[in-house]
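J.: One structure follows; several queries about it will come next.
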There are 2 protein chains.
Amino acid sequence: MSRKTMVRPGGRSARVQASVHAAVRELEAEVGREALTVPLVAARAGVTPSTIYRRWGDLQELLSDVAVERLRPEAAPEDKGSLRSDLEAWAEQFLEEMSAPTGRAYIRDALLGDPNGTNAGQCSAYAAEQIDVILDRAAGREENTPDVETVLDRVVAPMMYRILFRPEGLDAAYVRQLVVGLVGSNDR
Amino acid sequence: MSRKTMVRPGGRSARVQASVHAAVRELEAEVGREALTVPLVAARAGVTPSTIYRRWGDLQELLSDVAVERLRPEAAPEDKGSLRSDLEAWAEQFLEEMSAPTGRAYIRDALLGDPNGTNAGQCSAYAAEQIDVILDRAAGREENTPDVETVLDRVVAPMMYRILFRPEGLDAAYVRQLVVGLVGSNDR
DNA sequence: CACTTGAAGCAGCATATTTGCTTTAAGGTG
DNA sequence: CACCTTAAAGCAAATATGCTGCTTCAAGTG
């Protein structure tokens, strides 16, 4: 479990966590990810470095926490009228966000400082939630729908794999092909 | 391009590289991955720390290099008599190696110290090579075969995604289901 | 057999990390 | 509401790590 879940919800710890996270974001924007150091973040957050070392262990775990926050989807997937078009739209947006350099960096950060896999699991859970919404909507329209795991295997996994391991030739057409391969191109 | 490719092939540099890599492996086994530091590796390798910093930049890039080496397949995939069984056997072994804690660690290391994606690309290339062998063999038997990209999407990507993002419920049955979903269960 | 040149060694400086101890304040208790 | 208890934060000193300029070595070249 990520250490941030251990903080006492209302008090000083929460303030410290918020200001540290904010400091990471500001400094990422200002000086770039490469130049981040624990002492630098601590100074900006108005906190001593040892606080960060004790709560997060090291810079990677902290960045991992922040990265997961940034990967949280901001809105429910748009309703385009059919399963196929909903999935296509969602997947295209997903690809766009994740394959951009900053998106890739967040994914890597999330994976990196995450010995037990909690943060990575959270990323996957976010995607599953979004897909779940899309599938529910499709079921409401009496379309027949694959289950979430299948969508993860057939659409999300290939995108992620290619983002991480072979970033060439990754575009909207590829994504559409994945979706069509799964749900067919008949309806719409 | 990984820096190791820049060394002069026959001489001192090559010896240094070999002894540094060996040191990483020994120490990984002895003290564990967490406890590795550049000075420690340097001491074991009989080299000064600055040599490592100059050649690899930092510990992550070094670990990434070593990890890719370890992820190189050791043998051609076994011939089990049919496309389906070849793929199943290969994929099961792949899963076994990659989903073990040490396998996951290598994958993460390979992804990590790899700003430009070369090492990650290499991992994917290894898998593609192995699959290519299997597909050629199947084509020789007059089976009809999907192309490599499709196998990557339908078999490798889902395994990798789950290894990295949702390690629960990952077993041989899951892998077989992926393979059957791709090539069918008719033959054999 | 020089010569060139990329890589390694060395040493010292600057930063980052760790750690023991002290202090603060959140949340619970009588 | 005053008083405990206890995580977590602050502080400061000790250590370890990482970086850099300069020197030395030896592989490849003519």
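Naming works like this for the structure tokens: A, B, ... for the chains as they're shown, residue 1 at the start of each chain, ligands 1 onward in shown order.
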Which residues of chain B come within 12 Å of chain A, and for each one, what is the closest pair of atoms and their distance in Å to one decimal, counting only C-alpha atoms, sorted by chain and residue number, as JSON lines?
T.:
{"residue": "B:Arg33", "atom": "CA", "partner": "A:Pro115", "partner_atom": "CA", "distance": 11.3}
{"residue": "B:Glu34", "atom": "CA", "partner": "A:Pro115", "partner_atom": "CA", "distance": 10.1}
{"residue": "B:Gln60", "atom": "CA", "partner": "A:Leu112", "partner_atom": "CA", "distance": 10.7}
{"residue": "B:Pro101", "atom": "CA", "partner": "A:Pro115", "partner_atom": "CA", "distance": 9.8}
{"residue": "B:Thr102", "atom": "CA", "partner": "A:Pro115", "partner_atom": "CA", "distance": 11.5}
{"residue": "B:Arg104", "atom": "CA", "partner": "A:Pro115", "partner_atom": "CA", "distance": 9.9}
{"residue": "B:Ala105", "atom": "CA", "partner": "A:Pro115", "partner_atom": "CA", "distance": 8.7}
{"residue": "B:Tyr106", "atom": "CA", "partner": "A:Leu112", "partner_atom": "CA", "distance": 11.5}
{"residue": "B:Ile107", "atom": "CA", "partner": "A:Phe165", "partner_atom": "CA", "distance": 10.4}
{"residue": "B:Arg108", "atom": "CA", "partner": "A:Leu112", "partner_atom": "CA", "distance": 6.7}
{"residue": "B:Asp109", "atom": "CA", "partner": "A:Leu112", "partner_atom": "CA", "distance": 8.2}
{"residue": "B:Ala110", "atom": "CA", "partner": "A:Phe165", "partner_atom": "CA", "distance": 10.0}
{"residue": "B:Leu111", "atom": "CA", "partner": "A:Arg108", "partner_atom": "CA", "distance": 7.5}
{"residue": "B:Leu112", "atom": "CA", "partner": "A:Leu112", "partner_atom": "CA", "distance": 6.9}
{"residue": "B:Gly113", "atom": "CA", "partner": "A:Leu112", "partner_atom": "CA", "distance": 10.0}
{"residue": "B:Asp114", "atom": "CA", "partner": "A:Arg108", "partner_atom": "CA", "distance": 10.1}
{"residue": "B:Pro115", "atom": "CA", "partner": "A:Ala105", "partner_atom": "CA", "distance": 9.1}
{"residue": "B:Asn116", "atom": "CA", "partner": "A:Pro167", "partner_atom": "CA", "distance": 10.2}
{"residue": "B:Gly117", "atom": "CA", "partner": "A:Phe165", "partner_atom": "CA", "distance": 7.1}
{"residue": "B:Thr118", "atom": "CA", "partner": "A:Phe165", "partner_atom": "CA", "distance": 8.7}
{"residue": "B:Asn119", "atom": "CA", "partner": "A:Phe165", "partner_atom": "CA", "distance": 8.5}
{"residue": "B:Ala120", "atom": "CA", "partner": "A:Phe165", "partner_atom": "CA", "distance": 4.9}
{"residue": "B:Gly121", "atom": "CA", "partner": "A:Phe165", "partner_atom": "CA", "distance": 5.1}
{"residue": "B:Gln122", "atom": "CA", "partner": "A:Phe165", "partner_atom": "CA", "distance": 8.2}
{"residue": "B:Cys123", "atom": "CA", "partner": "A:Phe165", "partner_atom": "CA", "distance": 7.4}
{"residue": "B:Ser124", "atom": "CA", "partner": "A:Phe165", "partner_atom": "CA", "distance": 6.1}
{"residue": "B:Ala125", "atom": "CA", "partner": "A:Arg166", "partner_atom": "CA", "distance": 8.9}
{"residue": "B:Tyr126", "atom": "CA", "partner": "A:Phe165", "partner_atom": "CA", "distance": 11.3}
{"residue": "B:Ala127", "atom": "CA", "partner": "A:Phe165", "partner_atom": "CA", "distance": 11.0}
{"residue": "B:Ala128", "atom": "CA", "partner": "A:Arg166", "partner_atom": "CA", "distance": 11.2}
{"residue": "B:Glu149", "atom": "CA", "partner": "A:Pro158", "partner_atom": "CA", "distance": 10.1}
{"residue": "B:Thr150", "atom": "CA", "partner": "A:Pro158", "partner_atom": "CA", "distance": 9.7}
{"residue": "B:Val151", "atom": "CA", "partner": "A:Pro158", "partner_atom": "CA", "distance": 10.3}
{"residue": "B:Leu152", "atom": "CA", "partner": "A:Pro158", "partner_atom": "CA", "distance": 7.8}
{"residue": "B:Asp153", "atom": "CA", "partner": "A:Pro158", "partner_atom": "CA", "distance": 5.0}
{"residue": "B:Arg154", "atom": "CA", "partner": "A:Arg154", "partner_atom": "CA", "distance": 6.6}
{"residue": "B:Val155", "atom": "CA", "partner": "A:Asp153", "partner_atom": "CA", "distance": 8.7}
{"residue": "B:Val156", "atom": "CA", "partner": "A:Tyr161", "partner_atom": "CA", "distance": 8.4}
{"residue": "B:Ala157", "atom": "CA", "partner": "A:Pro158", "partner_atom": "CA", "distance": 5.1}
{"residue": "B:Pro158", "atom": "CA", "partner": "A:Asp153", "partner_atom": "CA", "distance": 5.0}
{"residue": "B:Met159", "atom": "CA", "partner": "A:Ala157", "partner_atom": "CA", "distance": 8.2}
{"residue": "B:Met160", "atom": "CA", "partner": "A:Tyr161", "partner_atom": "CA", "distance": 6.9}
{"residue": "B:Tyr161", "atom": "CA", "partner": "A:Ala157", "partner_atom": "CA", "distance": 5.3}
{"residue": "B:Arg162", "atom": "CA", "partner": "A:Ala157", "partner_atom": "CA", "distance": 8.0}
{"residue": "B:Ile163", "atom": "CA", "partner": "A:Gly117", "partner_atom": "CA", "distance": 9.7}
{"residue": "B:Leu164", "atom": "CA", "partner": "A:Ala120", "partner_atom": "CA", "distance": 7.1}
{"residue": "B:Phe165", "atom": "CA", "partner": "A:Ala120", "partner_atom": "CA", "distance": 4.9}
{"residue": "B:Arg166", "atom": "CA", "partner": "A:Gly121", "partner_atom": "CA", "distance": 5.4}
{"residue": "B:Pro167", "atom": "CA", "partner": "A:Gly117", "partner_atom": "CA", "distance": 8.1}
{"residue": "B:Glu168", "atom": "CA", "partner": "A:Gly121", "partner_atom": "CA", "distance": 9.7}
{"residue": "B:Gly169", "atom": "CA", "partner": "A:Glu149", "partner_atom": "CA", "distance": 11.5}
{"residue": "B:Tyr174", "atom": "CA", "partner": "A:Asp153", "partner_atom": "CA", "distance": 10.9}
{"residue": "B:Val175", "atom": "CA", "partner": "A:Asp153", "partner_atom": "CA", "distance": 11.3}
{"residue": "B:Gln177", "atom": "CA", "partner": "A:Thr150", "partner_atom": "CA", "distance": 11.1}
{"residue": "B:Leu178", "atom": "CA", "partner": "A:Asp153", "partner_atom": "CA", "distance": 8.8}
{"residue": "B:Gly181", "atom": "CA", "partner": "A:Arg154", "partner_atom": "CA", "distance": 10.6}
{"residue": "B:Leu182", "atom": "CA", "partner": "A:Arg154", "partner_atom": "CA", "distance": 10.9}
J.: Report as a VMD selection string all protein, DNA and RNA residues lying within 12 Å of DT5 in chain C, evaluated on only C-alpha atoms (C1' of nucleotides), omitting residues in the same chain fewer than 3 positions from it.
T.: (chain B and resid 8) or (chain D and resid 25 to 29)
J.: Residues of chain C within 12 Å of chain B, counting only C-alpha atoms (C1' of nucleotides) - could you list those as a short mmCIF file (atom, residue, chain, number, x, y, z; two decimals) with C-alpha atoms (C1' of nucleotides), in the first residue's frame?
T.:
data_model
loop_
_atom_site.label_atom_id
_atom_site.label_comp_id
_atom_site.auth_asym_id
_atom_site.auth_seq_id
_atom_site.Cartn_x
_atom_site.Cartn_y
_atom_site.Cartn_z
"C1'" DT C 5 43.09 9.40 -28.70
"C1'" DG C 6 39.51 7.43 -26.05
"C1'" DA C 7 39.04 5.47 -21.71
"C1'" DA C 8 40.61 4.63 -16.82
"C1'" DG C 9 42.59 6.16 -12.37
"C1'" DC C 10 42.98 9.42 -8.66
"C1'" DA C 11 41.77 12.95 -5.51
#
J.: For Glu143 in chain A, which residue out of A:Thr37, A:Gln93, A:Gln17, A:Ser82 is the nearest one, using only C-alpha atoms?
T.: A:Ser82
J.: For chain D, which residues have at least one atom within 10 Å of chain A, if we go by only C-alpha atoms (C1' of nucleotides)? Write them as a ChimeraX atom specification, please.
T.: /D:7-11
J.: Among chain B, which ones does DSSP place in alpha helix (DSSP H), written as JSON, numbers by chain?
T.: {"B": [12, 13, 14, 15, 16, 17, 18, 19, 20, 21, 22, 23, 24, 25, 26, 27, 28, 29, 30, 31, 38, 39, 40, 41, 42, 43, 44, 45, 49, 50, 51, 52, 53, 54, 55, 56, 59, 60, 61, 62, 63, 64, 65, 66, 67, 68, 69, 70, 71, 83, 84, 85, 86, 87, 88, 89, 90, 91, 92, 93, 94, 95, 96, 97, 98, 99, 101, 102, 103, 104, 105, 106, 107, 108, 109, 110, 111, 112, 118, 119, 120, 121, 122, 123, 124, 125, 126, 127, 128, 129, 130, 131, 132, 133, 134, 135, 136, 137, 138, 139, 140, 148, 149, 150, 151, 157, 158, 159, 160, 161, 162, 163, 164, 165, 172, 173, 174, 175, 176, 177, 178, 179, 180, 181, 182, 183]}
J.: Determine, counting only C-alpha atoms (C1' of nucleotides), which protein, DNA and RNA residues have an atom within 12 Å of an atom of DG30 in chain C; residues of the same chain fewer than 5 positions away are not included. Present the result as a list in words.
T.: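 Counting only C-alpha atoms (C1' of nucleotides), the residues come to DC1, DA2, DC3 and DC4 of chain D.
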